[in-house]
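Participant: Pasting input26.cif here (mmCIF, C-alpha atoms):
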```
data_coords
loop_
_atom_site.label_atom_id
_atom_site.label_comp_id
_atom_site.auth_asym_id
_atom_site.auth_seq_id
_atom_site.Cartn_x
_atom_site.Cartn_y
_atom_site.Cartn_z
CA MET A 13 116.51 173.11 70.55
CA LYS A 14 113.24 172.08 68.86
CA ILE A 15 112.10 175.71 68.73
CA VAL A 16 115.37 176.76 67.07
CA LEU A 17 115.13 173.97 64.50
CA LYS A 18 111.52 174.90 63.78
CA LYS A 19 112.49 178.52 63.14
CA ILE A 20 115.34 177.46 60.85
CA TYR A 21 112.98 175.16 58.95
CA SER A 22 110.36 177.93 58.55
CA PHE A 23 113.04 180.33 57.33
CA LEU A 24 114.31 177.87 54.72
CA VAL A 25 110.77 177.09 53.53
CA LYS A 26 110.04 180.81 53.16
CA LEU A 27 113.30 181.25 51.25
CA ILE A 28 112.35 178.48 48.82
CA PHE A 29 108.79 179.79 48.55
CA ASP A 30 109.98 183.30 47.61
CA SER A 31 112.41 181.94 45.03
CA VAL A 32 109.64 179.90 43.35
CA TYR A 33 106.66 182.23 43.57
CA GLY A 34 108.12 185.60 44.49
CA LYS A 35 107.54 187.64 47.62
CA LEU A 36 103.93 188.17 48.64
CA LYS A 37 102.32 191.58 49.04
CA ILE A 38 98.86 192.61 50.19
CA ALA A 39 96.67 193.74 47.31
CA ASP A 40 95.46 197.32 47.47
CA LYS A 41 91.87 198.39 46.82
CA SER A 42 92.40 199.12 43.13
CA PHE A 43 93.96 195.68 42.45
CA PHE A 44 91.12 194.01 44.35
CA LYS A 45 88.48 195.96 42.43
CA GLU A 46 90.10 195.15 39.08
CA ASN A 47 90.35 191.42 39.76
CA ILE A 48 87.31 190.57 41.88
CA ARG A 49 83.70 190.73 40.74
CA ILE A 50 81.16 190.89 43.54
CA LEU A 51 77.59 189.63 43.32
CA LYS A 52 75.08 190.58 45.99
CA ILE A 53 72.21 188.25 46.74
CA LYS A 54 69.34 187.81 49.18
CA LEU A 55 68.23 184.38 50.31
CA PHE A 56 64.58 185.39 49.90
CA SER A 57 62.94 188.34 48.19
CA PHE A 58 61.83 189.62 51.60
CA SER A 59 65.24 189.15 53.29
CA HIS A 60 66.83 192.11 55.03
CA LYS A 61 70.36 190.70 54.94
CA GLU A 62 72.42 190.74 51.75
CA TYR A 63 75.33 188.36 51.09
CA GLN A 64 78.33 188.88 48.84
CA ILE A 65 79.75 186.26 46.48
CA PHE A 66 83.25 186.93 45.13
CA LEU A 67 84.21 185.85 41.60
CA THR A 68 87.80 185.79 40.37
CA ASN A 69 90.19 183.77 38.22
CA LYS A 70 93.71 182.32 38.17
CA VAL A 71 94.03 182.28 41.96
CA ARG A 72 95.93 180.09 44.39
CA VAL A 73 94.19 179.00 47.58
CA TYR A 74 96.20 177.96 50.63
CA SER A 75 95.00 176.95 54.07
CA ASP A 76 97.28 176.09 56.96
CA LYS A 77 94.36 173.92 58.20
CA SER A 78 94.54 175.92 61.40
CA GLU A 79 93.68 179.61 61.59
CA ASN A 80 94.69 181.17 58.29
CA LEU A 81 93.34 181.03 54.76
CA ALA A 82 95.00 182.81 51.84
CA TYR A 83 93.72 183.67 48.36
CA ILE A 84 96.69 184.70 46.20
CA LYS A 85 96.65 186.24 42.71
CA ASP A 86 99.85 187.31 40.95
CA ASN A 87 101.70 187.22 44.29
CA TYR A 88 99.11 189.51 45.88
CA LEU A 89 97.27 188.36 48.97
CA LEU A 90 93.62 189.27 48.43
CA PRO A 91 91.88 191.07 51.33
CA GLU A 92 88.25 190.48 52.38
CA ILE A 93 88.31 186.88 51.19
CA SER A 94 91.60 185.86 52.86
CA LEU A 95 90.91 185.04 56.50
CA GLN A 96 93.10 185.13 59.59
CA LEU A 97 91.91 184.09 63.02
CA SER A 98 93.53 184.46 66.43
CA ASN A 99 91.91 183.23 69.64
CA ASN A 100 88.51 183.19 67.92
CA TYR A 101 88.89 186.73 66.61
CA LEU A 102 88.97 187.54 62.89
CA ILE A 103 91.94 189.89 62.59
CA SER A 104 93.44 192.09 59.86
CA ILE A 105 95.07 190.66 56.75
CA GLU A 106 98.51 191.91 57.82
CA ASN A 107 98.55 189.04 60.30
CA ASN A 108 98.07 186.30 57.72
CA SER A 109 100.76 183.67 58.29
CA VAL A 110 101.64 183.30 54.58
CA LEU A 111 103.26 186.73 54.61
CA LYS A 112 105.91 185.35 56.97
CA THR A 113 106.08 181.69 56.03
CA GLY A 114 104.83 181.39 52.47
CA THR A 115 102.40 178.60 51.71
CA LYS A 116 104.79 176.01 53.22
CA LYS A 117 103.52 173.55 50.63
CA LEU A 118 105.17 174.43 47.32
CA ILE A 119 103.32 171.99 45.10
CA GLN A 120 99.85 173.10 44.08
CA LYS A 121 97.07 171.02 42.55
CA LYS A 122 95.67 172.76 39.47
CA PHE A 123 91.96 172.73 38.64
CA SER A 124 90.33 173.95 35.46
CA GLY A 125 86.80 175.33 35.33
CA ASN A 126 84.87 177.08 38.09
CA ILE A 127 85.70 175.95 41.66
CA LEU A 128 83.42 176.81 44.58
CA SER A 129 85.66 177.42 47.60
CA LEU A 130 84.23 176.74 51.08
CA VAL A 131 87.44 176.14 53.06
CA GLN A 132 88.06 178.31 56.12
CA GLY A 133 90.65 176.69 58.40
CA VAL A 134 90.42 174.10 61.14
CA SER A 135 86.97 174.90 62.52
CA ALA A 136 84.89 172.93 60.03
CA ILE A 137 87.32 170.08 59.29
CA ASP A 138 85.73 167.78 61.84
CA ASN A 139 83.46 169.97 63.98
CA TYR A 140 79.74 169.29 63.49
CA GLY A 141 78.70 172.72 64.77
CA HIS A 142 80.89 174.69 62.39
CA TRP A 143 79.88 172.42 59.53
CA MET A 144 76.21 173.13 60.24
CA LEU A 145 76.53 176.87 60.88
CA ASP A 146 79.43 177.79 58.56
CA ILE A 147 79.77 175.40 55.61
CA LEU A 148 76.18 174.36 54.88
CA PRO A 149 74.97 177.99 54.96
CA LYS A 150 77.68 178.88 52.43
CA LEU A 151 76.34 176.12 50.18
CA CYS A 152 72.84 177.59 50.59
CA ILE A 153 74.14 181.06 49.66
CA SER A 154 75.94 179.65 46.60
CA GLU A 155 72.83 177.81 45.41
CA LYS A 156 71.19 181.18 44.88
CA ILE A 157 73.46 182.00 41.94
CA LEU A 158 74.15 178.60 40.36
CA ASN A 159 73.10 174.97 40.50
CA LEU A 160 75.82 173.37 42.61
CA ASN A 161 76.42 170.68 40.01
CA GLU A 162 77.32 173.37 37.49
CA PHE A 163 80.52 174.05 39.42
CA ASP A 164 83.45 172.00 38.15
CA GLY A 165 84.61 171.34 41.72
CA ILE A 166 83.58 172.11 45.29
CA TYR A 167 86.49 172.73 47.65
CA LEU A 168 85.44 171.57 51.12
CA PRO A 169 87.30 171.53 54.47
CA ASN A 170 86.88 167.75 54.74
CA ILE A 171 84.65 165.03 53.30
CA LYS A 172 85.59 162.07 55.49
CA ARG A 173 83.24 162.40 58.43
CA ARG A 174 79.91 160.59 58.25
CA PHE A 175 77.85 163.71 59.04
CA GLN A 176 79.59 165.56 56.19
CA ILE A 177 78.89 162.86 53.64
CA ASP A 178 75.29 162.39 54.83
CA SER A 179 74.41 166.09 54.94
CA LEU A 180 75.88 166.78 51.49
CA LYS A 181 73.48 164.21 49.98
CA TYR A 182 70.62 166.64 50.62
CA PHE A 183 72.22 169.09 48.17
CA ASN A 184 72.19 166.48 45.38
CA ILE A 185 75.80 167.17 44.45
CA ASN A 186 77.77 164.68 42.38
CA PRO A 187 80.42 163.40 44.87
CA LYS A 188 82.99 163.39 42.04
CA LYS A 189 83.00 167.19 42.31
CA TYR A 190 84.25 167.18 45.93
CA ILE A 191 87.79 168.42 46.57
CA ASP A 192 89.01 167.39 50.03
CA GLY A 193 90.69 170.36 51.72
CA SER A 194 92.06 168.17 54.51
CA GLU A 195 94.26 166.48 51.87
CA LEU A 196 94.78 169.31 49.37
CA ASN A 197 95.53 172.55 51.18
CA HIS A 198 97.21 174.33 48.23
CA ILE A 199 95.34 174.54 44.92
CA PHE A 200 95.22 176.71 41.81
CA ALA A 201 91.86 177.44 40.18
CA GLU A 202 91.23 178.84 36.71
CA LYS A 203 87.98 180.32 38.04
CA LEU A 204 86.96 180.70 41.66
CA THR A 205 83.66 181.43 43.42
CA ILE A 206 83.77 182.34 47.12
CA PRO A 207 80.60 182.95 49.15
CA GLN A 208 80.77 185.36 52.06
CA HIS A 209 80.99 183.76 55.50
CA PRO A 210 77.50 183.86 57.04
CA TYR A 211 78.46 185.63 60.27
CA TRP A 212 82.20 186.31 60.79
CA GLU A 213 83.11 189.94 61.42
CA THR A 214 86.57 191.51 61.63
CA ASN A 215 87.75 192.34 65.18
CA ALA A 216 84.73 190.62 66.70
CA TYR A 217 84.71 187.57 68.96
CA GLN A 218 83.37 184.73 66.87
CA MET A 219 81.33 183.24 69.74
CA ASP A 220 79.41 186.53 69.74
CA THR A 221 78.94 186.75 65.98
CA VAL A 222 77.70 183.16 65.61
CA ALA A 223 74.88 184.10 67.98
CA ASN A 224 73.60 186.37 65.21
CA ILE A 225 72.81 183.44 62.92
CA ASP A 226 70.49 184.56 60.13
CA PRO A 227 66.87 183.36 60.58
CA ASP A 228 66.67 182.94 56.79
CA ILE A 229 69.50 180.41 56.91
CA ILE A 230 67.73 178.48 59.68
CA ASN A 231 64.58 178.42 57.54
CA ILE A 232 66.46 177.19 54.47
CA LEU A 233 68.17 174.41 56.45
CA ARG A 234 64.84 173.30 57.92
CA THR A 235 63.25 173.22 54.49
CA LYS A 236 66.15 171.24 53.04
CA PHE A 237 66.57 168.66 55.81
CA LEU A 238 63.09 168.14 57.26
CA LYS A 239 62.14 165.51 54.71
CA ASN A 240 61.29 161.85 55.29
CA ILE A 241 61.23 162.31 59.07
CA LYS A 242 60.79 159.08 61.02
CA ASN A 243 58.78 158.92 64.25
CA LEU A 244 61.26 157.37 66.70
CA ASN A 245 58.99 157.70 69.77
CA LYS A 246 61.72 159.30 71.88
CA GLU A 247 60.41 162.57 73.26
CA LYS A 248 62.94 163.25 76.06
CA LEU A 249 66.54 163.63 74.87
CA PHE A 250 69.76 164.15 76.80
CA ILE A 251 72.71 164.99 74.56
CA ASP A 252 75.75 163.33 76.14
CA ARG A 253 79.00 164.91 74.93
CA SER A 254 81.30 162.87 77.19
CA ASP A 255 82.78 161.34 74.02
CA SER A 256 83.94 164.76 72.78
CA LYS A 257 87.68 165.28 72.30
CA TYR A 258 87.26 168.76 73.81
CA PHE A 259 87.53 169.33 77.56
CA HIS A 260 85.04 172.16 77.85
CA SER A 261 81.34 171.64 78.63
CA GLN A 262 81.94 168.39 80.49
CA ILE A 263 79.88 167.49 83.56
CA GLU A 264 81.47 166.72 86.93
CA ASN A 265 78.53 164.95 88.60
CA MET A 266 77.66 162.84 85.58
CA GLU A 267 76.71 159.69 87.53
CA GLU A 268 74.21 161.66 89.60
CA LEU A 269 72.82 163.21 86.41
CA TYR A 270 72.55 159.82 84.66
CA GLU A 271 70.54 158.44 87.57
CA PHE A 272 68.17 161.40 87.45
CA LEU A 273 67.73 161.18 83.68
CA LYS A 274 67.04 157.45 83.68
CA LYS A 275 64.52 157.90 86.46
CA ASN A 276 62.75 160.52 84.32
CA LYS A 277 62.85 158.28 81.22
CA PHE A 278 65.26 160.36 79.12
CA GLU A 279 66.96 158.88 76.08
CA ILE A 280 70.73 159.35 76.60
CA LEU A 281 72.38 159.99 73.23
CA LYS A 282 75.94 160.26 71.99
CA LEU A 283 75.35 161.86 68.63
CA SER A 284 78.65 160.63 67.19
CA GLN A 285 77.17 157.13 67.29
CA ILE A 286 74.07 157.81 65.20
CA THR A 287 73.51 158.93 61.62
CA PHE A 288 72.78 162.47 60.49
CA GLU A 289 69.29 161.40 59.40
CA GLU A 290 68.58 159.90 62.84
CA GLN A 291 69.71 163.11 64.53
CA ILE A 292 67.27 165.16 62.46
CA SER A 293 64.38 162.80 63.24
CA LEU A 294 65.18 162.64 66.96
CA PHE A 295 65.28 166.42 67.38
CA GLN A 296 62.25 166.98 65.18
CA ASN A 297 60.18 164.59 67.31
CA ALA A 298 61.54 165.71 70.68
CA LYS A 299 59.40 167.43 73.30
CA ILE A 300 62.35 168.28 75.56
CA VAL A 301 66.10 168.48 74.82
CA VAL A 302 68.70 168.73 77.58
CA GLY A 303 72.47 169.01 77.26
CA ALA A 304 75.67 170.98 77.76
CA HIS A 305 76.73 173.63 75.24
CA GLY A 306 78.23 171.83 72.27
CA ALA A 307 78.03 171.17 68.55
CA GLY A 308 75.22 168.62 68.87
CA LEU A 309 72.79 171.31 69.97
CA CYS A 310 72.94 172.75 66.45
CA ASN A 311 70.25 170.16 65.78
CA LEU A 312 67.85 172.48 67.62
CA ILE A 313 67.46 173.90 64.10
CA PHE A 314 65.15 170.93 63.45
CA CYS A 315 62.96 171.12 66.57
CA ASP A 316 59.27 171.92 66.40
CA PRO A 317 57.93 175.10 68.05
CA LYS A 318 57.35 174.90 71.83
CA THR A 319 59.99 172.18 72.33
CA LYS A 320 61.57 172.72 75.75
CA VAL A 321 65.37 173.21 75.69
CA ILE A 322 67.67 173.26 78.73
CA GLU A 323 71.28 174.18 77.96
CA PHE A 324 74.03 173.63 80.56
CA SER A 325 76.97 176.02 80.74
CA ASN A 326 79.83 176.94 83.05
CA LYS A 327 80.05 180.35 84.74
CA GLU A 328 82.54 181.87 82.32
CA PHE A 329 81.47 180.69 78.88
CA LYS A 330 79.08 183.02 77.12
CA CYS A 331 77.60 182.21 73.73
CA ASP A 332 73.96 182.74 72.83
CA VAL A 333 73.85 180.86 69.54
CA PHE A 334 71.49 178.16 70.85
CA LYS A 335 69.36 180.68 72.68
CA ASN A 336 68.94 182.57 69.41
CA ILE A 337 68.19 179.43 67.38
CA CYS A 338 65.49 178.67 69.95
CA LYS A 339 64.12 182.19 69.56
CA ILE A 340 64.01 181.84 65.76
CA ASN A 341 62.23 178.46 66.02
CA ASN A 342 59.95 179.56 68.88
CA LEU A 343 61.35 176.98 71.31
CA ASP A 344 60.97 177.14 75.11
CA TYR A 345 64.60 177.88 76.11
CA TYR A 346 66.31 177.80 79.53
CA LYS A 347 69.97 177.97 80.55
CA LEU A 348 71.27 176.21 83.66
CA ILE A 349 74.57 177.65 84.90
CA SER A 350 77.13 175.49 86.71
CA GLU A 351 77.52 175.90 90.47
CA ASN A 352 81.29 175.36 90.57
CA GLU A 353 84.18 177.54 89.46
CA VAL A 354 85.82 176.75 86.13
CA PRO A 355 89.00 174.68 86.68
CA LYS A 356 92.14 176.57 85.75
CA ASP A 357 93.71 173.50 84.15
CA ARG A 358 90.90 173.30 81.54
CA ILE A 359 91.19 169.51 81.73
CA ASN A 360 88.81 168.60 84.54
CA PRO A 361 85.03 168.91 84.02
CA ASP A 362 83.85 172.53 84.13
CA ILE A 363 80.16 172.02 84.89
CA LYS A 364 78.60 170.85 88.16
CA LEU A 365 74.83 170.75 87.96
CA SER A 366 72.18 171.31 90.57
CA ILE A 367 69.88 168.32 90.05
CA ASN A 368 67.19 170.09 92.07
CA LYS A 369 67.24 173.10 89.74
CA LEU A 370 67.20 170.83 86.71
CA SER A 371 64.24 168.91 88.15
CA LYS A 372 62.26 172.16 88.60
CA LEU A 373 62.98 173.26 85.03
CA ILE A 374 61.87 169.92 83.63
#
```
Is it possible to give me this structure as structure tokens?

Facilitator:
Amino acid sequence: MKIVLKKIYSFLVKLIFDSVYGKLKIADKSFFKENIRILKIKLFSFSHKEYQIFLTNKVRVYSDKSENLAYIKDNYLLPEISLQLSNNYLISIENNSVLKTGTKKLIQKKFSGNILSLVQGVSAIDNYGHWMLDILPKLCISEKILNLNEFDGIYLPNIKRRFQIDSLKYFNINPKKYIDGSELNHIFAEKLTIPQHPYWETNAYQMDTVANIDPDIINILRTKFLKNIKNLNKEKLFIDRSDSKYFHSQIENMEELYEFLKKNKFEILKLSQITFEEQISLFQNAKIVVGAHGAGLCNLIFCDPKTKVIEFSNKEFKCDVFKNICKINNLDYYKLISENEVPKDRINPDIKLSINKLSKLI
């Protein structure tokens, strides 16, 4: 019954949407070329990679705060900049949900001036890893064409989490310019600037593409954030993600691991409980970092060369993003694979560690 009611509701919303805005179509190449100006920039003069920044005007932006993002001009859905994800794959524009449902939210908030758009769906709304590897790099790319305070507004996925507020301070942006995408998911902008995503690729698994994080972006983030570092005298860190709302990368024999870590004088950290500045200082001063695959390990960006890193993972999950960050920063990286099979229910812990193997690596 609920499914039927949901379908009826979606149909009625689409009907109202079409009557107000007209039926959406996908823009062809000529329309896109006529209405989008593309700038190409390099982060450094010696950079091999080139990023695109898209400039347009009089465009609506809609995000379902899940997997789809739509840029709409004159009832045309704009390709390349509109994004549609499915099971961590970036798929073709024909699959964008707005073509079937409309924007669902009829009322749009109008903004004059030039708006920098960084929204991209659910991934960076409250996830530290996506914020660090998706949103902050897009800010770094945008800084190459314009002082961020010269934008009239900056449209962000969310600005409520402490790590978001703290990290944005390093960009010296006037907070009055922030537009909270978690509250406003349908806006109209007189002018719009959209930086290319730093690593997403169509028809590619995003866990693979994130592994190709640009070394230039890592260098820019280090330069920006490695200021006023405090010496916290904690050289052995274990990143405890047992407070994560996600079920993956959780450790079955945690009590046994805790005992081992305490015996070896590790600092056990839940990163959600400490400030962004403290995280930077802790990782920058660390001599060894141990933990399961998770967002907190993005802080390996801030480690000094030769820091030892031991990442835990289950047998099935494959993502080399932290391995590659370690390679860029010249860290001493190891991966410790779980001994147990991954539970089918995806609720129980999926990692069982060999303490003996961990002891040998340390």

Participant: Report the distance between atom CA of Lys275 of chain A and atom CA of Thr287 of chain A in Å, rounded to one decimal place.

Facilitator: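 Separation of atom CA of Lys275 of chain A and atom CA of Thr287 of chain A: 26.4 Å.
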
Participant: To verify the selection step, state as a list in words which residues the PyMOL selection byres ((chain A and resi 177-187) around 8) yields on this input.

Facilitator: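 Taken over the shown coordinates, the PyMOL selection byres ((chain A and resi 177-187) around 8) returns Leu160, Asn161, Ile171, Lys172, Arg173, Arg174, Phe175, Gln176, Lys188, Lys189, Tyr190, Lys236, Phe237, Thr287, Phe288 and Glu289 of chain A.
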
Participant: Choose the residue, out of A:Asp362, A:Asp138, A:Asp316, A:Asp228, that has the smallest atom-to-atom separation from Ile263 of chain A; count only C-alpha atoms.

Facilitator: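 Distance minimum relative to Ile263 of chain A lands on A:Asp362.
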
Participant: List the residues matched by the PyMOL selection byres ((chain A and resi 298) around 8) in the displayed structure as a PyMOL selection string, ordered by chain and then by residue number.

Facilitator: chain A and resi 246-249+294-297+299-301+315-316+319

Participant: Pull C-alpha atoms from the residues just selected and write them as an mmCIF file, in the frame of the given file.

Facilitator:
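Generated output (out27.cif):
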```cif
data_model
loop_
_atom_site.group_PDB
_atom_site.id
_atom_site.type_symbol
_atom_site.label_atom_id
_atom_site.label_comp_id
_atom_site.auth_asym_id
_atom_site.auth_seq_id
_atom_site.Cartn_x
_atom_site.Cartn_y
_atom_site.Cartn_z
ATOM 1 C CA LYS A 246 61.720 159.300 71.880
ATOM 2 C CA GLU A 247 60.410 162.570 73.260
ATOM 3 C CA LYS A 248 62.940 163.250 76.060
ATOM 4 C CA LEU A 249 66.540 163.630 74.870
ATOM 5 C CA LEU A 294 65.180 162.640 66.960
ATOM 6 C CA PHE A 295 65.280 166.420 67.380
ATOM 7 C CA GLN A 296 62.250 166.980 65.180
ATOM 8 C CA ASN A 297 60.180 164.590 67.310
ATOM 9 C CA LYS A 299 59.400 167.430 73.300
ATOM 10 C CA ILE A 300 62.350 168.280 75.560
ATOM 11 C CA VAL A 301 66.100 168.480 74.820
ATOM 12 C CA CYS A 315 62.960 171.120 66.570
ATOM 13 C CA ASP A 316 59.270 171.920 66.400
ATOM 14 C CA THR A 319 59.990 172.180 72.330
#
```

Participant: What's the separation between atom CA of Asn80 of chain A and atom CA of Lys41 of chain A, in Å to one decimal place?

Facilitator: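 Taking atom CA of Asn80 of chain A as the start and atom CA of Lys41 of chain A as the end point, the length is 20.9 Å.
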
Participant: Let me know the residues the PyMOL selection byres ((chain A and resi 142) around 12) catches in the file above, as JSON, numbers by chain.

Facilitator: {"A": [130, 131, 132, 133, 134, 135, 136, 137, 138, 139, 140, 141, 143, 144, 145, 146, 147, 148, 149, 150, 169, 170, 175, 176, 209, 210, 211, 212, 218, 219, 222, 225, 306, 307, 308, 309, 310, 333]}

Participant: Quick one: distance from atom CA of Ile84 of chain A to atom CA of Lys54 of chain A in Å, one decimal?

Facilitator: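 Spanning atom CA of Ile84 of chain A to atom CA of Lys54 of chain A is a straight-line distance of 27.7 Å.
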
Participant: Taking (82.9, 192.4, 59.1) in the file's coordinates as the center, which residues reach within 12 Å of it, counting all atoms listed in the file, put as a ChimeraX atom specification?

Facilitator: /A:63-64,91-93,95,101-104,208-218,221

Participant: Within 10 Å of Val302 of chain A, counting all atoms listed in the file, which residues qualify if same-chain residues fewer than 6 places away don't, as a list in words?

Facilitator: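 With the cut-off at 10 Å, the set is Lys248, Leu249, Phe250, Ile251, Asp252, Leu273, Phe278, Ile280, Leu309, Lys320, Val321, Ile322, Glu323, Phe324, Tyr346, Lys347, Leu348, Leu370 and Ile374 of chain A.
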
Participant: A:Ser350, A:Asn276, A:Ser154, A:Asn342: which is nearest Lys52 of chain A, counting only C-alpha atoms?

Facilitator: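 Counting only C-alpha atoms, the residue closest to Lys52 of chain A is A:Ser154.
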
Participant: May I have the protein, DNA and RNA residues with an atom at most 7 Å from (96.9, 188.1, 63.4), counting all atoms listed in the file in the file's coordinates, returned as a PDB file with C-alpha atoms, in the frame of the given file?

Facilitator:
```pdb
ATOM      1  CA  GLN A  96      93.100 185.130  59.590  1.00  0.00           C
ATOM      2  CA  LEU A  97      91.910 184.090  63.020  1.00  0.00           C
ATOM      3  CA  SER A  98      93.530 184.460  66.430  1.00  0.00           C
ATOM      4  CA  ILE A 103      91.940 189.890  62.590  1.00  0.00           C
ATOM      5  CA  SER A 104      93.440 192.090  59.860  1.00  0.00           C
ATOM      6  CA  GLU A 106      98.510 191.910  57.820  1.00  0.00           C
ATOM      7  CA  ASN A 107      98.550 189.040  60.300  1.00  0.00           C
ATOM      8  CA  ASN A 108      98.070 186.300  57.720  1.00  0.00           C
TER       9      ASN A 108
END
```

Participant: Using all atoms listed in the file, which of A:Thr115, A:Ser109, A:Asn224, A:Ser94 sits nearest Asn336 of chain A?

Facilitator: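 Closest to Asn336 of chain A, using all atoms listed in the file: A:Asn224.
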
Participant: Skipping near chain neighbours, those fewer than 6 positions away, what residues fall within 9 Å of segment 46-48 of chain A using only C-alpha atoms, listed as a list in words?

Facilitator: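 Once the adjacent positions are removed, what remains is Phe66, Leu67, Thr68, Asn69 and Lys85 of chain A.
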
Participant: For Leu128 of chain A, find every residue with an atom within 7 Å (counting all atoms listed in the file), except residues of its own chain fewer than 5 positions away, and show them as a list of chain:residue names.

Facilitator: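 So the residues in contact are A:Phe163, A:Gly165, A:Ile166, A:Tyr167, A:Leu204, A:Thr205, A:Ile206.
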
Participant: Using all atoms listed in the file, which of A:His60, A:Arg234, A:Lys242, A:Lys117 sits nearest Ile313 of chain A?

Facilitator: A:Arg234

Participant: I need the residue nearest Ile119 of chain A from this list: A:Ile157, A:Ile199, A:Leu343, A:Ala82. Use only C-alpha atoms for the distance.

Facilitator: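 Closest residue, counting only C-alpha atoms: A:Ile199.
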
Participant: From the list A:Gly193, A:Glu155, A:Lys121, A:Arg49, which residue is nearest Ser78 of chain A when using all atoms listed in the file?

Facilitator: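 With all atoms listed in the file as the atom set, the closest residue is A:Gly193.
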